[in-house]
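Everything below belongs to run25.cif, which stores mmCIF, C-alpha atoms.
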data_input
#
loop_
_atom_site.label_atom_id
_atom_site.label_comp_id
_atom_site.auth_asym_id
_atom_site.auth_seq_id
_atom_site.Cartn_x
_atom_site.Cartn_y
_atom_site.Cartn_z
CA MET Y 1 -12.51 -23.88 -9.38
CA ASN Y 2 -14.79 -26.27 -7.53
CA LEU Y 3 -17.43 -27.47 -10.03
CA ASP Y 4 -20.15 -27.35 -7.38
CA ILE Y 5 -19.44 -23.64 -6.86
CA ILE Y 6 -19.48 -23.02 -10.63
CA LYS Y 7 -22.92 -24.65 -10.88
CA GLU Y 8 -24.01 -22.63 -7.86
CA LYS Y 9 -22.90 -19.40 -9.55
CA VAL Y 10 -24.61 -20.29 -12.85
CA HIS Y 11 -27.85 -20.87 -10.94
CA GLN Y 12 -27.33 -17.55 -9.13
CA ALA Y 13 -26.79 -15.83 -12.50
CA ILE Y 14 -30.23 -17.03 -13.62
CA GLU Y 15 -31.77 -15.42 -10.54
CA ILE Y 16 -29.89 -12.18 -11.25
CA LEU Y 17 -31.05 -12.12 -14.89
CA ASN Y 18 -34.64 -12.34 -13.69
CA GLU Y 19 -34.04 -9.62 -11.11
CA LYS Y 20 -32.48 -7.32 -13.73
CA ASN Y 21 -35.03 -8.34 -16.41
CA ILE Y 22 -32.33 -9.29 -18.92
CA ASP Y 23 -33.23 -12.21 -21.19
CA MET Y 24 -29.77 -13.53 -21.97
CA TRP Y 25 -26.17 -13.22 -20.81
CA LEU Y 26 -23.69 -14.12 -23.57
CA THR Y 27 -19.97 -14.41 -22.78
CA PHE Y 28 -18.09 -14.41 -26.09
CA VAL Y 29 -14.43 -15.52 -25.93
CA ARG Y 30 -11.51 -17.17 -27.71
CA GLU Y 31 -8.00 -18.35 -26.79
CA THR Y 32 -8.77 -17.87 -23.11
CA LYS Y 33 -5.37 -19.20 -22.09
CA VAL Y 34 -3.90 -16.11 -23.77
CA SER Y 35 -6.71 -13.55 -23.41
CA LYS Y 36 -8.77 -14.70 -20.47
CA ASP Y 37 -12.19 -13.24 -19.79
CA PRO Y 38 -12.37 -12.61 -16.02
CA MET Y 39 -15.58 -14.68 -15.78
CA ILE Y 40 -14.30 -17.89 -17.39
CA ASP Y 41 -13.19 -19.44 -14.11
CA MET Y 42 -16.48 -18.57 -12.44
CA ILE Y 43 -18.92 -19.82 -15.08
CA VAL Y 44 -16.88 -22.39 -17.06
CA GLY Y 45 -13.75 -23.51 -15.25
CA GLU Y 46 -12.04 -24.63 -18.46
CA ASN Y 47 -10.09 -22.79 -21.15
CA VAL Y 48 -11.23 -22.76 -24.79
CA THR Y 49 -9.36 -22.09 -28.01
CA TRP Y 50 -11.81 -21.32 -30.81
CA GLN Y 51 -14.45 -18.62 -30.67
CA SER Y 52 -16.93 -19.76 -28.02
CA ALA Y 53 -20.21 -18.52 -26.57
CA PHE Y 54 -21.36 -19.36 -23.06
CA ILE Y 55 -25.00 -18.44 -22.68
CA ILE Y 56 -27.22 -18.20 -19.61
CA ASN Y 57 -30.91 -17.29 -19.97
CA LYS Y 58 -33.36 -15.93 -17.44
CA ASP Y 59 -35.72 -18.83 -18.22
CA GLY Y 60 -33.06 -21.18 -16.79
CA ASP Y 61 -31.80 -22.57 -20.09
CA THR Y 62 -28.01 -22.60 -20.56
CA ALA Y 63 -25.88 -23.31 -23.62
CA ALA Y 64 -22.23 -23.57 -24.66
CA ILE Y 65 -21.29 -23.19 -28.33
CA VAL Y 66 -17.64 -24.18 -28.70
CA GLY Y 67 -15.15 -25.57 -31.18
CA SER Y 68 -15.73 -29.26 -31.92
CA ILE Y 69 -12.30 -30.14 -30.51
CA GLU Y 70 -13.45 -28.88 -27.10
CA GLU Y 71 -17.05 -30.07 -27.14
CA GLU Y 72 -16.32 -33.20 -25.08
CA ASN Y 73 -14.39 -31.25 -22.43
CA ILE Y 74 -17.29 -28.85 -21.90
CA LYS Y 75 -19.88 -31.65 -21.86
CA LYS Y 76 -17.93 -33.48 -19.14
CA LEU Y 77 -18.22 -30.44 -16.88
CA ASP Y 78 -22.02 -30.89 -16.89
CA ILE Y 79 -22.59 -27.17 -16.35
CA TYR Y 80 -24.58 -26.28 -19.46
CA ASN Y 81 -27.87 -27.89 -20.59
CA TYR Y 82 -26.86 -27.75 -24.24
CA THR Y 83 -23.39 -28.03 -25.76
CA TYR Y 84 -22.78 -27.69 -29.50
CA GLY Y 85 -19.42 -28.21 -31.18
CA TYR Y 86 -18.96 -26.41 -34.51
CA VAL Y 87 -16.26 -26.90 -37.15
CA GLN Y 88 -16.12 -24.06 -39.66
CA SER Y 89 -17.85 -21.10 -38.01
CA ILE Y 90 -19.67 -20.22 -34.81
CA LYS Y 91 -21.97 -17.85 -36.71
CA GLU Y 92 -24.66 -20.31 -37.81
CA PRO Y 93 -25.12 -22.23 -34.53
CA LEU Y 94 -25.05 -18.97 -32.56
CA ILE Y 95 -27.74 -17.31 -34.68
CA ASN Y 96 -29.80 -20.52 -34.70
CA TYR Y 97 -29.76 -20.55 -30.91
CA LEU Y 98 -30.68 -16.86 -30.74
CA ASP Y 99 -33.56 -17.50 -33.13
CA ILE Y 100 -34.86 -20.21 -30.82
CA LYS Y 101 -34.63 -18.04 -27.69
CA LYS Y 102 -35.56 -14.69 -29.32
CA PRO Y 103 -34.00 -12.55 -26.56
CA LYS Y 104 -35.04 -8.91 -26.43
CA LYS Y 105 -32.02 -7.92 -24.32
CA ILE Y 106 -28.62 -9.62 -24.61
CA ALA Y 107 -25.92 -8.74 -22.07
CA ILE Y 108 -22.40 -9.19 -23.41
CA ASN Y 109 -19.04 -9.04 -21.65
CA TYR Y 110 -18.01 -5.37 -21.88
CA SER Y 111 -18.01 -2.56 -19.32
CA LYS Y 112 -16.80 1.02 -18.89
CA ASN Y 113 -16.66 0.81 -15.09
CA SER Y 114 -15.45 -2.67 -14.16
CA VAL Y 115 -12.44 -4.50 -15.57
CA LEU Y 116 -13.98 -7.75 -14.30
CA ALA Y 117 -16.91 -7.26 -16.68
CA ASP Y 118 -14.80 -6.06 -19.60
CA GLY Y 119 -13.39 -9.26 -21.05
CA LEU Y 120 -14.65 -8.74 -24.61
CA THR Y 121 -11.82 -7.42 -26.75
CA PHE Y 122 -12.57 -4.84 -29.42
CA GLY Y 123 -11.75 -7.36 -32.12
CA MET Y 124 -14.18 -9.89 -30.66
CA TYR Y 125 -16.83 -7.18 -30.35
CA GLN Y 126 -16.38 -6.42 -34.06
CA LEU Y 127 -16.66 -10.13 -34.92
CA LEU Y 128 -19.84 -10.49 -32.91
CA ASN Y 129 -21.34 -7.48 -34.64
CA ASP Y 130 -20.35 -8.91 -38.01
CA TYR Y 131 -22.09 -12.19 -37.18
CA LEU Y 132 -25.24 -10.42 -35.98
CA HIS Y 133 -25.33 -7.93 -38.86
CA HIS Y 134 -28.73 -7.90 -40.58
CA THR Y 135 -30.37 -9.57 -37.56
CA LEU Y 136 -32.52 -7.96 -34.89
CA TYR Y 137 -30.04 -9.01 -32.23
CA SER Y 138 -27.37 -6.50 -33.19
CA GLU Y 139 -29.59 -3.76 -31.71
CA ARG Y 140 -30.27 -5.69 -28.49
CA LEU Y 141 -26.78 -5.80 -27.01
CA VAL Y 142 -26.15 -4.28 -23.57
CA SER Y 143 -23.31 -4.45 -21.03
CA SER Y 144 -23.25 -7.42 -18.66
CA GLU Y 145 -21.71 -5.21 -15.96
CA GLU Y 146 -24.79 -5.31 -13.72
CA ILE Y 147 -24.97 -9.09 -13.87
CA ILE Y 148 -21.28 -9.64 -13.25
CA SER Y 149 -21.08 -7.11 -10.42
CA ALA Y 150 -23.94 -8.86 -8.64
CA LEU Y 151 -22.66 -12.36 -9.36
CA ARG Y 152 -19.12 -11.69 -8.15
CA GLY Y 153 -20.29 -9.56 -5.25
CA ARG Y 154 -23.00 -11.72 -3.71
CA LYS Y 155 -20.96 -14.47 -2.08
CA SER Y 156 -22.61 -17.81 -1.41
CA SER Y 157 -22.17 -19.58 1.92
CA SER Y 158 -19.64 -21.91 0.24
CA GLU Y 159 -17.59 -18.96 -0.96
CA ILE Y 160 -17.71 -17.25 2.45
CA GLU Y 161 -16.44 -20.37 4.21
CA ILE Y 162 -13.44 -20.59 1.87
CA MET Y 163 -12.71 -16.88 2.33
CA LYS Y 164 -12.84 -17.26 6.12
CA GLU Y 165 -10.30 -20.07 5.87
CA ALA Y 166 -8.07 -17.87 3.70
CA ILE Y 167 -8.22 -15.07 6.26
CA THR Y 168 -7.43 -17.45 9.14
CA GLU Y 169 -4.35 -18.75 7.33
CA THR Y 170 -3.23 -15.21 6.51
CA LEU Y 171 -3.55 -14.06 10.11
CA LYS Y 172 -1.43 -17.02 11.24
CA ILE Y 173 1.38 -15.74 9.03
CA PHE Y 174 0.99 -12.22 10.44
CA GLU Y 175 1.44 -13.68 13.93
CA GLU Y 176 4.65 -15.37 12.81
CA VAL Y 177 5.85 -12.08 11.31
CA THR Y 178 5.43 -10.48 14.74
CA GLU Y 179 7.93 -13.00 16.14
CA PHE Y 180 10.30 -12.44 13.21
CA ILE Y 181 10.46 -8.61 13.10
CA LYS Y 182 13.55 -7.18 14.75
CA PRO Y 183 15.65 -4.04 14.37
CA ASN Y 184 18.33 -4.29 11.64
CA LYS Y 185 16.25 -6.64 9.50
CA THR Y 186 15.20 -5.20 6.15
CA GLU Y 187 11.90 -4.95 4.33
CA LEU Y 188 13.18 -7.67 2.00
CA ASP Y 189 13.98 -9.90 4.98
CA ILE Y 190 10.37 -9.72 6.12
CA ALA Y 191 9.05 -10.25 2.58
CA ASN Y 192 11.27 -13.30 2.10
CA PHE Y 193 10.17 -14.70 5.46
CA VAL Y 194 6.52 -14.38 4.39
CA LYS Y 195 7.29 -16.01 1.04
CA SER Y 196 8.98 -18.91 2.83
CA LYS Y 197 5.75 -19.49 4.77
CA LEU Y 198 3.76 -19.45 1.53
CA LYS Y 199 6.08 -22.06 0.07
CA GLU Y 200 5.90 -24.24 3.20
CA ARG Y 201 2.10 -24.26 3.09
CA ASN Y 202 1.73 -24.42 -0.68
CA PHE Y 203 -0.18 -21.11 -0.83
CA GLN Y 204 -0.08 -18.59 -3.66
CA PRO Y 205 0.20 -14.81 -3.10
CA ALA Y 206 -3.06 -12.93 -3.65
CA TRP Y 207 -1.37 -10.64 -6.17
CA ASP Y 208 2.01 -10.36 -7.94
CA SER Y 209 4.81 -11.77 -5.82
CA GLU Y 210 6.98 -8.70 -6.54
CA THR Y 211 4.68 -6.63 -4.33
CA CYS Y 212 2.97 -9.30 -2.21
CA PRO Y 213 3.84 -8.84 0.52
CA ALA Y 214 4.36 -5.09 0.56
CA VAL Y 215 6.48 -3.95 3.52
CA PHE Y 216 6.92 -0.35 4.68
CA THR Y 217 9.22 0.88 7.44
CA GLY Y 218 10.03 4.29 8.86
CA PRO Y 219 9.50 7.83 7.60
CA ASN Y 220 8.91 8.49 3.89
CA PRO Y 221 8.28 4.87 2.86
CA SER Y 222 7.63 3.73 -0.69
CA GLY Y 223 4.17 3.96 -2.27
CA ALA Y 224 1.31 1.63 -1.38
CA HIS Y 225 1.87 -0.65 -4.40
CA SER Y 226 5.67 -0.64 -4.26
CA GLY Y 227 7.70 -3.72 -3.55
CA PRO Y 228 9.87 -4.27 -0.45
CA THR Y 229 13.37 -2.75 -0.47
CA ASP Y 230 16.64 -3.24 1.41
CA ARG Y 231 15.65 -0.43 3.76
CA VAL Y 232 16.62 -1.34 7.33
CA ILE Y 233 14.09 -1.49 10.16
CA GLU Y 234 15.23 0.75 12.98
CA LYS Y 235 14.12 1.46 16.53
CA GLY Y 236 11.49 4.18 16.43
CA HIS Y 237 10.03 2.99 13.11
CA VAL Y 238 6.43 2.18 12.32
CA VAL Y 239 6.34 -0.99 10.20
CA SER Y 240 3.36 -1.99 8.06
CA LEU Y 241 2.74 -5.16 6.07
CA ASP Y 242 0.16 -5.54 3.26
CA PHE Y 243 -0.37 -9.17 2.37
CA GLY Y 244 -2.86 -11.81 1.25
CA ILE Y 245 -3.02 -15.34 -0.09
CA LYS Y 246 -4.93 -17.13 -2.83
CA TYR Y 247 -6.58 -20.15 -1.24
CA LYS Y 248 -8.86 -22.64 -2.99
CA GLY Y 249 -9.43 -20.03 -5.69
CA TYR Y 250 -10.25 -17.11 -3.35
CA CYS Y 251 -8.16 -14.23 -2.02
CA SER Y 252 -7.47 -12.57 1.30
CA ASP Y 253 -6.10 -9.04 1.73
CA LEU Y 254 -5.07 -7.66 5.13
CA GLN Y 255 -2.65 -5.16 6.66
CA ARG Y 256 -1.13 -5.00 10.12
CA CYS Y 257 0.97 -2.38 11.88
CA TRP Y 258 3.88 -2.60 14.36
CA TYR Y 259 6.01 -0.10 16.27
CA ILE Y 260 9.70 -0.84 17.03
CA LEU Y 261 10.39 0.42 20.57
CA LYS Y 262 13.44 2.56 21.19
CA ASP Y 263 15.72 1.76 24.10
CA GLY Y 264 13.93 2.73 27.31
CA GLU Y 265 10.47 2.92 25.71
CA THR Y 266 7.67 0.77 27.09
CA GLN Y 267 4.97 2.15 24.79
CA ALA Y 268 4.69 3.93 21.46
CA PRO Y 269 5.22 7.71 21.39
CA ALA Y 270 2.04 9.77 21.62
CA PRO Y 271 2.01 10.76 17.88
CA VAL Y 272 2.26 7.11 16.81
CA GLN Y 273 -0.39 5.97 19.26
CA LYS Y 274 -2.70 8.79 18.20
CA GLY Y 275 -2.30 7.88 14.54
CA PHE Y 276 -3.08 4.24 15.29
CA GLU Y 277 -6.19 5.17 17.30
CA VAL Y 278 -7.46 7.41 14.48
CA ILE Y 279 -7.09 4.60 11.93
CA LYS Y 280 -8.71 2.05 14.26
CA ASN Y 281 -11.61 4.42 14.96
CA ALA Y 282 -12.06 5.27 11.26
CA ILE Y 283 -12.46 1.57 10.45
CA GLN Y 284 -14.98 1.07 13.24
CA LYS Y 285 -16.99 4.15 12.22
CA VAL Y 286 -17.37 2.69 8.72
CA ALA Y 287 -18.25 -0.76 10.09
CA ASP Y 288 -20.95 0.83 12.25
CA ALA Y 289 -22.48 2.63 9.25
CA ILE Y 290 -22.17 0.17 6.39
CA GLU Y 291 -25.27 -1.79 5.36
CA PRO Y 292 -27.12 -2.81 2.20
CA GLY Y 293 -28.32 0.16 0.16
CA VAL Y 294 -25.66 2.71 1.09
CA MET Y 295 -23.22 3.98 -1.52
CA GLY Y 296 -19.54 3.23 -1.25
CA VAL Y 297 -18.69 6.92 -1.57
CA GLU Y 298 -20.65 7.60 1.61
CA MET Y 299 -18.46 5.14 3.49
CA ASP Y 300 -15.30 6.68 2.08
CA ASP Y 301 -16.59 10.09 3.20
CA ILE Y 302 -16.94 8.85 6.79
CA ALA Y 303 -13.34 7.66 7.08
CA ARG Y 304 -11.77 10.39 4.95
CA ASN Y 305 -13.51 13.25 6.74
CA TYR Y 306 -12.73 11.81 10.18
CA ILE Y 307 -9.04 11.42 9.36
CA VAL Y 308 -8.77 14.94 7.91
CA LYS Y 309 -10.62 16.45 10.90
CA SER Y 310 -8.16 14.61 13.14
CA GLY Y 311 -5.34 16.61 11.54
CA TYR Y 312 -4.01 14.28 8.86
CA PRO Y 313 -3.92 14.52 5.03
CA GLU Y 314 -6.32 12.52 2.87
CA TYR Y 315 -5.19 9.03 2.01
CA PRO Y 316 -4.39 8.91 -1.73
CA HIS Y 317 -6.64 5.96 -2.66
CA GLY Y 318 -10.08 4.50 -2.06
CA LEU Y 319 -11.10 3.32 1.40
CA GLY Y 320 -11.72 -0.25 0.33
CA HIS Y 321 -12.51 -2.70 -2.45
CA GLN Y 322 -14.33 -5.98 -2.83
CA VAL Y 323 -12.43 -9.24 -2.41
CA GLY Y 324 -13.30 -12.60 -3.94
CA ARG Y 325 -11.74 -14.73 -6.63
CA GLU Y 326 -9.54 -11.70 -7.30
CA VAL Y 327 -8.02 -9.48 -4.67
CA HIS Y 328 -9.73 -6.47 -6.31
CA ASP Y 329 -13.13 -7.91 -7.14
CA GLY Y 330 -16.73 -6.98 -7.82
CA GLY Y 331 -18.07 -3.68 -9.14
CA ALA Y 332 -18.96 -1.30 -6.31
CA GLY Y 333 -16.17 0.02 -4.12
CA LEU Y 334 -15.72 2.21 -1.05
CA PHE Y 335 -14.29 4.86 -3.33
CA PRO Y 336 -14.15 8.68 -3.36
CA ARG Y 337 -15.90 10.66 -6.08
CA TRP Y 338 -12.82 10.77 -8.29
CA GLU Y 339 -13.10 10.48 -12.07
CA ARG Y 340 -10.77 7.47 -12.17
CA TYR Y 341 -13.37 5.36 -10.33
CA GLY Y 342 -16.18 6.07 -12.82
CA GLN Y 343 -19.61 5.18 -11.43
CA THR Y 344 -18.38 2.52 -9.00
CA PRO Y 345 -18.43 4.82 -5.92
CA PHE Y 346 -22.15 5.43 -6.45
CA MET Y 347 -23.31 1.82 -6.75
CA ARG Y 348 -25.50 0.63 -3.88
CA LEU Y 349 -23.89 -1.97 -1.65
CA GLU Y 350 -25.51 -5.39 -1.23
CA ALA Y 351 -25.65 -8.14 1.36
CA GLY Y 352 -23.11 -10.86 0.63
CA GLN Y 353 -20.37 -8.53 -0.59
CA VAL Y 354 -16.95 -8.73 1.06
CA PHE Y 355 -14.99 -5.48 1.37
CA THR Y 356 -11.66 -4.36 2.71
CA ILE Y 357 -11.51 -1.24 4.87
CA GLU Y 358 -7.97 0.16 4.63
CA PRO Y 359 -7.36 3.81 5.51
CA ARG Y 360 -3.85 5.07 6.16
CA LEU Y 361 -2.13 8.16 7.51
CA PRO Y 362 1.45 9.39 7.90
CA VAL Y 363 2.99 10.05 11.31
CA GLU Y 364 5.83 12.49 10.72
CA GLY Y 365 9.20 11.12 11.71
CA TYR Y 366 7.93 7.58 12.30
CA GLY Y 367 6.22 6.16 9.21
CA VAL Y 368 2.78 5.25 7.88
CA VAL Y 369 0.06 3.80 10.08
CA THR Y 370 -2.35 1.55 8.24
CA ILE Y 371 -4.67 -1.33 9.06
CA GLU Y 372 -6.72 -3.36 6.60
CA GLU Y 373 -9.66 -5.52 7.66
CA GLU Y 374 -12.18 -7.58 5.71
CA ILE Y 375 -15.91 -7.32 6.37
CA LEU Y 376 -18.98 -9.12 5.07
CA ILE Y 377 -22.08 -7.02 4.45
CA THR Y 378 -25.07 -8.69 6.11
CA GLU Y 379 -28.80 -7.98 5.85
CA ASN Y 380 -28.61 -5.49 8.74
CA GLY Y 381 -25.03 -4.23 8.73
CA CYS Y 382 -21.73 -6.06 8.59
CA GLU Y 383 -19.54 -8.57 10.37
CA PHE Y 384 -15.76 -8.66 10.53
CA LEU Y 385 -14.30 -11.68 8.75
CA SER Y 386 -10.85 -10.77 10.06
CA THR Y 387 -10.17 -10.29 13.76
CA PRO Y 388 -9.65 -6.51 13.93
CA GLN Y 389 -6.32 -5.17 15.10
CA LYS Y 390 -7.27 -3.19 18.19
CA GLU Y 391 -3.81 -2.65 19.67
CA LEU Y 392 -0.60 -1.40 18.12
CA ILE Y 393 1.84 -4.31 18.15
CA LEU Y 394 5.04 -3.35 19.99
CA ILE Y 395 8.39 -4.95 19.08
CA ARG Y 396 11.10 -4.87 21.76
#
As structure tokens:
Amino acid sequence: MNLDIIKEKVHQAIEILNEKNIDMWLTFVRETKVSKDPMIDMIVGENVTWQSAFIINKDGDTAAIVGSIEEENIKKLDIYNYTYGYVQSIKEPLINYLDIKKPKKIAINYSKNSVLADGLTFGMYQLLNDYLHHTLYSERLVSSEEIISALRGRKSSSEIEIMKEAITETLKIFEEVTEFIKPNKTELDIANFVKSKLKERNFQPAWDSETCPAVFTGPNPSGAHSGPTDRVIEKGHVVSLDFGIKYKGYCSDLQRCWYILKDGETQAPAPVQKGFEVIKNAIQKVADAIEPGVMGVEMDDIARNYIVKSGYPEYPHGLGHQVGREVHDGGAGLFPRWERYGQTPFMRLEAGQVFTIEPRLPVEGYGVVTIEEEILITENGCEFLSTPQKELILIR
């Protein structure tokens, strides 16, 4: 990750700690090459081996307590005000630092709701409690979920510019796919074409290459997270592509939809066109309503209810998720009130967050219609970071 952005995010974390009235944020890790805390790239940018503590305080002080063999590496980054390299045990320097700062509330890296805030393994949690046993600090530990959700969600101008570039490059590949799609090609043909473009441009897929891109053609396609198959694209099929890239450390995530014209057709059949219009309208209705302070579940309600009232079944997933350094990022989501999502549907949305909006619906006999756009929440509403698909793309 760009060191300037890491320093920017550490400074932002200090502001968030003051906002949340939390004295200290302690990220406790080890062997991050093997068991990587999701925040390491954002607040450190370097892997560590021995037990290590990366500490940010609301008074602006920052500290890294690491194994002596890695002390020089961390110092060179020039991110933390204080770097201490220990030899035998992290316990003494950690407690000494806590005694100096005397925090009343210490946020540590665990969470029930967000995997991105849940990097502390159970074993490491036990070790930390062992080290803090018989100190006041063992009773002052809280989850860092609130801090991490805000830090990952509130994109800086530097982050937004990179994400816009990622989206632009992704949309270029979608345009090339439009020229490539033809009847008798397979889902795998399209996926391999996309992968060839990634290789040409030295991009990485935004998620696992087995399912990025995901390609769906015709009636009864595979599930949303299934990989492409040797299923043949035929005239009369709806074809959808779900795809994103990882670019300069940040992800894109978009979907586009095509219809393969039958002989003699000059436009899509009425059921296909209706399905496309319903999806397009659902996205716009959410974009018109979304703003800081609303709950994600309220946005999911808007799209879900509109689609059901239009005569289609509910889509079997959330309406949208945050995007950032990971393709599924942040805490809050545009999620339904399902138990699997925990409290994330009820978190208030904030300016600076980037979300996908990605409803879908089946059109019997033709396939699945789906579009996925990315939006940035602004102070007064939102702006589209992707150029919205307003017309169904027809393939002759």
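Checking Y:Asn2, Y:Ser68, Y:Ser111, Y:Ser310 one by one against Glu145 of chain Y, counting only C-alpha atoms, you find the shortest gap at Y:Ser111.
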Go through segment 289-333 of chain Y residue by residue and, counting all atoms listed in the file, keep those with an atom at most 10 Å from segment 161-174 of chain Y; for each kept residue give the shortest atom pair and its distance in Å to one decimal, ordered by chain and increasing number, as a Markdown table.
| residue | atom | partner | partner_atom | distance |
| --- | --- | --- | --- | --- |
| Y:Val323 | CA | Y:Met163 | CA | 9.0 |
| Y:Gly324 | CA | Y:Met163 | CA | 7.6 |
| Y:Arg325 | CA | Y:Met163 | CA | 9.3 |
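Atom CA of His11 of chain Y is positioned 11.3 Å from atom CA of Ser156 of chain Y.
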As an exercise, work out the distance from atom CA of Val34 of chain Y to atom CA of Asn96 of chain Y in Å and give it to one decimal place.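 Spanning atom CA of Val34 of chain Y to atom CA of Asn96 of chain Y is a straight-line distance of 28.5 Å.
What the PyMOL selection byres ((chain Y and resi 336) around 9) grabs from this file is Gly296, Val297, Glu298, Met299, Asp300, Asp301, Arg304, His317, Gly318, Leu319, Gly333, Leu334, Phe335, Arg337, Trp338, Glu339, Tyr341 and Pro345 of chain Y.
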I'd like to see the residues matched by the PyMOL selection byres ((chain Y and resi 69-81) around 10) on this file, and ideally I'd get them as a PDB file with C-alpha atoms, in the coordinates of the input.
ATOM      1  CA  LEU Y   3     -17.430 -27.470 -10.030  1.00  0.00           C
ATOM      2  CA  ASP Y   4     -20.150 -27.350  -7.380  1.00  0.00           C
ATOM      3  CA  ILE Y   6     -19.480 -23.020 -10.630  1.00  0.00           C
ATOM      4  CA  LYS Y   7     -22.920 -24.650 -10.880  1.00  0.00           C
ATOM      5  CA  GLU Y   8     -24.010 -22.630  -7.860  1.00  0.00           C
ATOM      6  CA  VAL Y  10     -24.610 -20.290 -12.850  1.00  0.00           C
ATOM      7  CA  HIS Y  11     -27.850 -20.870 -10.940  1.00  0.00           C
ATOM      8  CA  ILE Y  43     -18.920 -19.820 -15.080  1.00  0.00           C
ATOM      9  CA  VAL Y  44     -16.880 -22.390 -17.060  1.00  0.00           C
ATOM     10  CA  GLY Y  45     -13.750 -23.510 -15.250  1.00  0.00           C
ATOM     11  CA  GLU Y  46     -12.040 -24.630 -18.460  1.00  0.00           C
ATOM     12  CA  ASN Y  47     -10.090 -22.790 -21.150  1.00  0.00           C
ATOM     13  CA  VAL Y  48     -11.230 -22.760 -24.790  1.00  0.00           C
ATOM     14  CA  THR Y  49      -9.360 -22.090 -28.010  1.00  0.00           C
ATOM     15  CA  TRP Y  50     -11.810 -21.320 -30.810  1.00  0.00           C
ATOM     16  CA  SER Y  52     -16.930 -19.760 -28.020  1.00  0.00           C
ATOM     17  CA  PHE Y  54     -21.360 -19.360 -23.060  1.00  0.00           C
ATOM     18  CA  ILE Y  55     -25.000 -18.440 -22.680  1.00  0.00           C
ATOM     19  CA  ILE Y  56     -27.220 -18.200 -19.610  1.00  0.00           C
ATOM     20  CA  GLY Y  60     -33.060 -21.180 -16.790  1.00  0.00           C
ATOM     21  CA  ASP Y  61     -31.800 -22.570 -20.090  1.00  0.00           C
ATOM     22  CA  THR Y  62     -28.010 -22.600 -20.560  1.00  0.00           C
ATOM     23  CA  ALA Y  63     -25.880 -23.310 -23.620  1.00  0.00           C
ATOM     24  CA  ALA Y  64     -22.230 -23.570 -24.660  1.00  0.00           C
ATOM     25  CA  ILE Y  65     -21.290 -23.190 -28.330  1.00  0.00           C
ATOM     26  CA  VAL Y  66     -17.640 -24.180 -28.700  1.00  0.00           C
ATOM     27  CA  GLY Y  67     -15.150 -25.570 -31.180  1.00  0.00           C
ATOM     28  CA  SER Y  68     -15.730 -29.260 -31.920  1.00  0.00           C
ATOM     29  CA  TYR Y  82     -26.860 -27.750 -24.240  1.00  0.00           C
ATOM     30  CA  THR Y  83     -23.390 -28.030 -25.760  1.00  0.00           C
ATOM     31  CA  TYR Y  84     -22.780 -27.690 -29.500  1.00  0.00           C
ATOM     32  CA  GLY Y  85     -19.420 -28.210 -31.180  1.00  0.00           C
ATOM     33  CA  TYR Y  86     -18.960 -26.410 -34.510  1.00  0.00           C
ATOM     34  CA  VAL Y  87     -16.260 -26.900 -37.150  1.00  0.00           C
TER      35      VAL Y  87
END
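When the PyMOL selection byres ((chain Y and resi 209) around 12) is evaluated on the file shown here, the picked residues come out as Ala191, Asn192, Val194, Lys195, Ser196, Leu198, Lys199, Phe203, Gln204, Pro205, Ala206, Trp207, Asp208, Glu210, Thr211, Cys212, Pro213, Ala214, His225, Ser226, Gly227, Pro228, Asp242, Phe243, Gly244, Ile245 and Lys246 of chain Y.
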Restricting the output to C-alpha atoms, write the selected residues as a PDB file, in the coordinates of the input.
ATOM      1  CA  ALA Y 191       9.050 -10.250   2.580  1.00  0.00           C
ATOM      2  CA  ASN Y 192      11.270 -13.300   2.100  1.00  0.00           C
ATOM      3  CA  VAL Y 194       6.520 -14.380   4.390  1.00  0.00           C
ATOM      4  CA  LYS Y 195       7.290 -16.010   1.040  1.00  0.00           C
ATOM      5  CA  SER Y 196       8.980 -18.910   2.830  1.00  0.00           C
ATOM      6  CA  LEU Y 198       3.760 -19.450   1.530  1.00  0.00           C
ATOM      7  CA  LYS Y 199       6.080 -22.060   0.070  1.00  0.00           C
ATOM      8  CA  PHE Y 203      -0.180 -21.110  -0.830  1.00  0.00           C
ATOM      9  CA  GLN Y 204      -0.080 -18.590  -3.660  1.00  0.00           C
ATOM     10  CA  PRO Y 205       0.200 -14.810  -3.100  1.00  0.00           C
ATOM     11  CA  ALA Y 206      -3.060 -12.930  -3.650  1.00  0.00           C
ATOM     12  CA  TRP Y 207      -1.370 -10.640  -6.170  1.00  0.00           C
ATOM     13  CA  ASP Y 208       2.010 -10.360  -7.940  1.00  0.00           C
ATOM     14  CA  GLU Y 210       6.980  -8.700  -6.540  1.00  0.00           C
ATOM     15  CA  THR Y 211       4.680  -6.630  -4.330  1.00  0.00           C
ATOM     16  CA  CYS Y 212       2.970  -9.300  -2.210  1.00  0.00           C
ATOM     17  CA  PRO Y 213       3.840  -8.840   0.520  1.00  0.00           C
ATOM     18  CA  ALA Y 214       4.360  -5.090   0.560  1.00  0.00           C
ATOM     19  CA  HIS Y 225       1.870  -0.650  -4.400  1.00  0.00           C
ATOM     20  CA  SER Y 226       5.670  -0.640  -4.260  1.00  0.00           C
ATOM     21  CA  GLY Y 227       7.700  -3.720  -3.550  1.00  0.00           C
ATOM     22  CA  PRO Y 228       9.870  -4.270  -0.450  1.00  0.00           C
ATOM     23  CA  ASP Y 242       0.160  -5.540   3.260  1.00  0.00           C
ATOM     24  CA  PHE Y 243      -0.370  -9.170   2.370  1.00  0.00           C
ATOM     25  CA  GLY Y 244      -2.860 -11.810   1.250  1.00  0.00           C
ATOM     26  CA  ILE Y 245      -3.020 -15.340  -0.090  1.00  0.00           C
ATOM     27  CA  LYS Y 246      -4.930 -17.130  -2.830  1.00  0.00           C
TER      28      LYS Y 246
END
